[in-house]
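These notes are about the structure you will find just below.
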4 protein chains.
Amino acid sequence: MATLAPLTSTRSEPRPKSTRRGPKTNKEQRRLSTERLLAAALKLFITQGYSATTVEQIGRAADRTKGAVYFYFGAKAQLLMALLDQAEAVTVEPTIAAVRQRNGTARDKLVAFMHSQSAIGAERGALMMLAILMSTEFHGIDDPIERRLDGLMDRLTNLLQEIVEQGRREGILRTDLGPRETASMLMAVNQGCFVEWYRRGKDLDGPGFVRAMRTIVLDGVGFSGHSTRSDLELGEI
Amino acid sequence: MATLAPLTSTRSEPRPKSTRRGPKTNKEQRRLSTERLLAAALKLFITQGYSATTVEQIGRAADRTKGAVYFYFGAKAQLLMALLDQAEAVTVEPTIAAVRQRNGTARDKLVAFMHSQSAIGAERGALMMLAILMSTEFHGIDDPIERRLDGLMDRLTNLLQEIVEQGRREGILRTDLGPRETASMLMAVNQGCFVEWYRRGKDLDGPGFVRAMRTIVLDGVGFSGHSTRSDLELGEI
Amino acid sequence: MATLAPLTSTRSEPRPKSTRRGPKTNKEQRRLSTERLLAAALKLFITQGYSATTVEQIGRAADRTKGAVYFYFGAKAQLLMALLDQAEAVTVEPTIAAVRQRNGTARDKLVAFMHSQSAIGAERGALMMLAILMSTEFHGIDDPIERRLDGLMDRLTNLLQEIVEQGRREGILRTDLGPRETASMLMAVNQGCFVEWYRRGKDLDGPGFVRAMRTIVLDGVGFSGHSTRSDLELGEI
Amino acid sequence: MATLAPLTSTRSEPRPKSTRRGPKTNKEQRRLSTERLLAAALKLFITQGYSATTVEQIGRAADRTKGAVYFYFGAKAQLLMALLDQAEAVTVEPTIAAVRQRNGTARDKLVAFMHSQSAIGAERGALMMLAILMSTEFHGIDDPIERRLDGLMDRLTNLLQEIVEQGRREGILRTDLGPRETASMLMAVNQGCFVEWYRRGKDLDGPGFVRAMRTIVLDGVGFSGHSTRSDLELGEI
DNA sequence: GATGAATGAGACTTCATTCAT
DNA sequence: TATGAATGAAGTCTCATTCAT
């Protein structure tokens, strides 16, 4: 005569103290805890999303407690902010540097851009995923996090836009689309492919995929034959 | 041991009826309310995400109440399911039909695919966005919704895979990547571009963008010159 | 990246009109609907409890709609009240009459009481169950329903109390307990046994059980030998 | 697409701390809160029923909040489960032990059973009530709680059944009814009397009542004279 | 320096009841 | 006469956050 929620978890039992191995210095302890929490949060955010991840889960995954998150970061959002700092340093700065120091045509610079992003994606895939996924999750929320993400993404988009503009000046790039839109689309393709690649995980040959993606961006799917025909065939939509 | 309403009532005064203009028959009312709720939910889900959208917001946006959502759909998740039914009917079926009835080379079929998807995206963009965004939000959740989304996406990916396989048999498609991976990547590019386009809204020339995207897929960004060189330049990552 | 409620029911589809067979008179229709609703409510209240039963369930079980309940009874509680009227008429009145018209010793009257209650329980078990179970469910709720139930039960308890008092005057009943308490205990035993019997349903020989219960009340479990010993053995608790 | 707290916060001002007097260590605090919550829930469940009791009421009655219940028990149902654990330990185990260590006839064992149950009922009446009332409230619900209750009750019924079977072998017990049914009826009588007694509270002499109940079970209401006659008088029902 | 007990806003959902048709 | 669309109060549960120890 009553409706019950399923009985699964047995809560409330105090977790056994985890024997914390390791260095004794305060500073060292701080660094270690911070790192572990950041790593745990990164993993959870990209697999479950930000709002579906609880502070408790983060603490547990880092072999710490919920309180530790607040002790070190003050708020869940600040933890994400700290990760976005890392993401910017790791996924934006090096690519900007790589493109800037690559003298040559727009094509050369675009190749350098993709080369750099691919390398980063291969080594620090999680941080790249974070920026991409959080951009989706926070899109349209008026919030410091969204602004942070926009700023981060804009730096790459601006970089691409510069390349596109150079390409136009050099006359080696078509102008179907404005420079900003072309840049956005390159970002979108880049990110779409990266997410697909990352999610498929190890069942897919990394370097091969990256090479294929790069080729697609530069030359399309790879049909032999030129596009003019297809444009004609399509007519108006 | 039970709470009674009419005799012990602590209810509030009967609220002022919201003068709802509109049709008189039940069937008509039903259709209208259902449509309004679906439309409101669709808009909110793609701008805020599923879990960030509350049932109350949906009701309010449809000029109804929370209760109306439950009267018609029984659960928030069922409302999403109903929208995914629409999404499948609108964004998957016609493309499959279009590709099937297009006799020709793999290239022709791919053009038909993109043509169809673009047309749908232009007219029913919101439903396309829904499927794409929900796929991200529900990725990795073991849940009927995820399975529904997977099924929906798989139908398109399978279609692309068939095209890719045909292209290989015809010898007009490179084979850097397996057919499945190539299909996935085509999906990713398609979706990445679409999201970017949709979000930029009307400040971007639709047909122009679609044409550009199609070109990118078929021929890359559009640098004049072939890709072989770029491959050589890139070396190994 | 979102948590979902299980997806089971498919709500919101208008139920197909049930082809209502039967008499056409208004009065006849009224009577029939009322009866069906009462019968359905009775069944549900005793199997699920009052508050766990929804008005919609009642309507559906009677092949009517939720609205019909309100049309005929005005409120869920009034439906229960109507059932309690039936219960009183069926389970209280006849027993009172039977005892009153039985001239004889207190023992004779108690036998008449149990005889009557057993017969009613055998034929109108559901209504007896209702009174017993609702007494439990509403116990301690300050509510017209509780007062109604108390009144109903009090009539039987008072009747038993009269019998007990007569038995004392006749000197054929022990006086370990006050008359009121003895009466209450007889009610409790009667009801406890009845619930047990009713719930076991048809896997138990009805008349046999009733006879056994009657015997227990009058003579205990039926050990051969007298109680004096057991009293001595028990000592103080 | 996510709601953030610290940055976009719409939270209210930090509430004034309720100055909670009491022990300082966590373990002590834990024990205290758990106990208070369990005690509050027990009281409310047996006076109002399980589903009529809200989690907020429980928290308030324990000088805590709703949240505390979920912190310690995770779900309302788990709180009841915890109470049923206590009920089993307190009301079942000792009686089983008492009967097992009582060597003698079936009658001796039944006396031991009732002796033990009475003592427990006098000291831990609330827990006995809980098991009895919840059995009614959850009867027919397919639910872990019902299974728990069934298991609990079955242990006592099985014990009684063993006693009854021994009595039959010893030839000192009538066999109107099968052993299982007799055991069930003993349980019903026991419980019916107990509920009645408990509800009348302290306006009733405890030991006197228990003695009377024991007598009833062993020898019936206590009319002088034997039952054979009454059986004949009753005829068939 | 770190913990975990405790809070409370807010989410999803249920359901008795109202009312226009 | 009877329906069913719609409401909103109230309940269960989640979770970011606070704070005493």
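Every chain in the structure tokens takes a letter, A first, then B, and so on in the order presented; its residues are numbered from 1, and the ligands are numbered from 1 following the presented order.
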Checklist line | Close residues, DT12 (chain F) itself excluded, 12 Å, only C-alpha atoms (C1' of nucleotides), min 6 positions apart in chain, as number ranges by chain | finding: A: 3-5; D: 51, 53-56, 66-67, 69-70, 74-77; E: 11-14
Please produce a file of those selected residues containing N, CA and C atoms (P, O5', C5', C4', C3', O3' and C1' of nucleotides), as an mmCIF file, in the first residue's frame.
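Once written, out30.cif looks like this:
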data_model
loop_
_atom_site.group_PDB
_atom_site.id
_atom_site.type_symbol
_atom_site.label_atom_id
_atom_site.label_comp_id
_atom_site.auth_asym_id
_atom_site.auth_seq_id
_atom_site.Cartn_x
_atom_site.Cartn_y
_atom_site.Cartn_z
ATOM 1 N N THR A 3 4.223 3.208 -2.271
ATOM 2 C CA THR A 3 5.132 3.098 -3.390
ATOM 3 C C THR A 3 6.522 3.451 -2.912
ATOM 4 N N LEU A 4 7.449 2.624 -3.309
ATOM 5 C CA LEU A 4 8.792 2.820 -2.801
ATOM 6 C C LEU A 4 9.776 3.054 -3.915
ATOM 7 N N ALA A 5 10.770 3.789 -3.614
ATOM 8 C CA ALA A 5 11.883 3.927 -4.537
ATOM 9 C C ALA A 5 12.712 2.650 -4.457
ATOM 10 N N SER D 51 3.547 5.979 4.397
ATOM 11 C CA SER D 51 3.459 6.899 3.267
ATOM 12 C C SER D 51 2.826 8.216 3.662
ATOM 13 N N THR D 53 3.737 9.751 6.239
ATOM 14 C CA THR D 53 4.795 10.491 6.925
ATOM 15 C C THR D 53 5.751 11.068 5.897
ATOM 16 N N THR D 54 6.024 12.352 5.991
ATOM 17 C CA THR D 54 6.951 12.937 5.034
ATOM 18 C C THR D 54 8.353 12.977 5.632
ATOM 19 N N VAL D 55 9.313 12.973 4.733
ATOM 20 C CA VAL D 55 10.701 13.006 5.171
ATOM 21 C C VAL D 55 10.983 14.287 5.945
ATOM 22 N N GLU D 56 10.323 15.335 5.551
ATOM 23 C CA GLU D 56 10.522 16.599 6.255
ATOM 24 C C GLU D 56 10.036 16.493 7.698
ATOM 25 N N LYS D 66 15.297 17.678 6.448
ATOM 26 C CA LYS D 66 15.115 16.690 5.404
ATOM 27 C C LYS D 66 16.452 16.147 4.917
ATOM 28 N N GLY D 67 17.352 17.051 4.613
ATOM 29 C CA GLY D 67 18.651 16.663 4.070
ATOM 30 C C GLY D 67 19.380 15.675 4.957
ATOM 31 N N VAL D 69 18.223 13.320 6.738
ATOM 32 C CA VAL D 69 17.702 11.967 6.502
ATOM 33 C C VAL D 69 18.404 11.350 5.297
ATOM 34 N N TYR D 70 18.539 12.146 4.257
ATOM 35 C CA TYR D 70 19.164 11.621 3.044
ATOM 36 C C TYR D 70 20.660 11.465 3.231
ATOM 37 N N GLY D 74 19.905 7.939 2.775
ATOM 38 C CA GLY D 74 19.859 7.881 1.311
ATOM 39 C C GLY D 74 18.469 7.817 0.727
ATOM 40 N N ALA D 75 17.526 7.268 1.451
ATOM 41 C CA ALA D 75 16.162 7.188 0.950
ATOM 42 C C ALA D 75 15.227 6.902 2.125
ATOM 43 N N LYS D 76 14.030 7.348 1.973
ATOM 44 C CA LYS D 76 13.023 7.119 3.001
ATOM 45 C C LYS D 76 12.895 5.610 3.265
ATOM 46 N N ALA D 77 12.878 4.836 2.192
ATOM 47 C CA ALA D 77 12.710 3.391 2.335
ATOM 48 C C ALA D 77 13.862 2.761 3.111
ATOM 49 P P DA E 11 14.887 24.266 -10.807
ATOM 50 O "O5'" DA E 11 14.746 22.811 -11.420
ATOM 51 C "C5'" DA E 11 15.886 21.975 -11.537
ATOM 52 C "C4'" DA E 11 15.517 20.530 -11.287
ATOM 53 C "C3'" DA E 11 14.220 20.099 -11.968
ATOM 54 O "O3'" DA E 11 14.498 19.316 -13.117
ATOM 55 C "C1'" DA E 11 14.353 19.296 -9.703
ATOM 56 P P DC E 12 13.257 19.028 -14.049
ATOM 57 O "O5'" DC E 12 12.703 17.677 -13.403
ATOM 58 C "C5'" DC E 12 13.552 16.545 -13.368
ATOM 59 C "C4'" DC E 12 12.817 15.384 -12.710
ATOM 60 C "C3'" DC E 12 11.541 14.961 -13.449
ATOM 61 O "O3'" DC E 12 11.486 13.533 -13.481
ATOM 62 C "C1'" DC E 12 11.031 15.548 -11.200
ATOM 63 P P DT E 13 10.397 12.843 -14.413
ATOM 64 O "O5'" DT E 13 9.200 12.642 -13.392
ATOM 65 C "C5'" DT E 13 9.429 11.862 -12.208
ATOM 66 C "C4'" DT E 13 8.240 11.971 -11.294
ATOM 67 C "C3'" DT E 13 6.886 11.675 -11.950
ATOM 68 O "O3'" DT E 13 6.438 10.454 -11.401
ATOM 69 C "C1'" DT E 13 6.784 13.506 -10.432
ATOM 70 P P DT E 14 5.025 9.856 -11.886
ATOM 71 O "O5'" DT E 14 4.044 10.289 -10.711
ATOM 72 C "C5'" DT E 14 4.424 9.963 -9.393
ATOM 73 C "C4'" DT E 14 3.326 10.381 -8.450
ATOM 74 C "C3'" DT E 14 1.926 9.948 -8.878
ATOM 75 O "O3'" DT E 14 1.301 9.452 -7.700
ATOM 76 C "C1'" DT E 14 1.970 12.291 -8.531
#
May I ask you to extract the residues of chain A within 8 Å of chain E, using only C-alpha atoms (C1' of nucleotides), and to give them as a CSV table (one decimal) with N, CA, C and O atoms, in the first residue's frame?
chain,number,residue,atom,x,y,z
A,65,THR,N,38.3,13.7,-0.4
A,65,THR,CA,36.8,13.9,-0.1
A,65,THR,C,36.3,15.1,-0.8
A,65,THR,O,37.0,15.9,-1.3
A,67,GLY,N,35.1,17.6,0.6
A,67,GLY,CA,35.6,18.8,1.2
A,67,GLY,C,36.9,19.3,0.6
A,67,GLY,O,37.2,20.5,0.5
A,68,ALA,N,37.8,18.3,0.1
A,68,ALA,CA,39.0,18.7,-0.5
A,68,ALA,C,38.9,19.6,-1.7
A,68,ALA,O,39.6,20.5,-1.9
A,71,PHE,N,38.2,22.9,-0.4
A,71,PHE,CA,39.4,23.5,0.3
A,71,PHE,C,40.4,24.0,-0.8
A,71,PHE,O,40.9,25.1,-0.7
Item checked: Thr136 (chain A) surroundings by only C-alpha atoms (C1' of nucleotides), 10 Å radius, close-in-sequence under 4 positions cut, as a list in words ->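 Here the qualifying residues turn out to be Gly49, Leu130, Ala131, Ile132, Gly140, Glu146 and Leu149 of chain A; Thr47, Gln48, Gly49, Leu133, Thr136, Glu137 and Val195 of chain B; Met1 and Ala2 of chain D.
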Next item on the list: Would you mind reading off the distance between C1' of DA5 (chain F) and CA of Leu83 (chain C), one decimal, in Å?
Entry: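 Computing the Euclidean distance for C1' of DA5 (chain F) and CA of Leu83 (chain C) yields 29.2 Å.
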Next item on the list: Enter the distance from CA of Leu177 (chain D) to CA of Phe113 (chain C), in Å, rounded to one decimal.
Entry: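 Going from CA of Leu177 (chain D) over to CA of Phe113 (chain C), I get 22.0 Å.
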Next item on the list: At a cut-off of 8 Å, list the chain F residues touching chain C, using only C-alpha atoms (C1' of nucleotides), as a list in words.
Entry: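 Applying the cut-off to the listed atoms yields DA2, DT3 and DG4 of chain F.
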Check: Any idea what's packed within 12 Å of Arg147 (chain D), counting only C-alpha atoms (C1' of nucleotides), ignoring anything in its chain fewer than 5 positions away? Could you give it as a list in words?
Finding: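 After dropping sequence-adjacent residues, the list is Leu7 of chain A; Met81, Leu84, Met134, Ser135, Phe138, His139, Gly140, Ile141, Asp142, Leu152, Met153 and Asp154 of chain D.
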Item checked: Of the listed residues D:Gln57, D:Thr105, D:Ser33, D:Gln86, that which approaches chain A most closely, counting only C-alpha atoms ->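 Checking each candidate against chain A, we get D:Ser33 as the closest.
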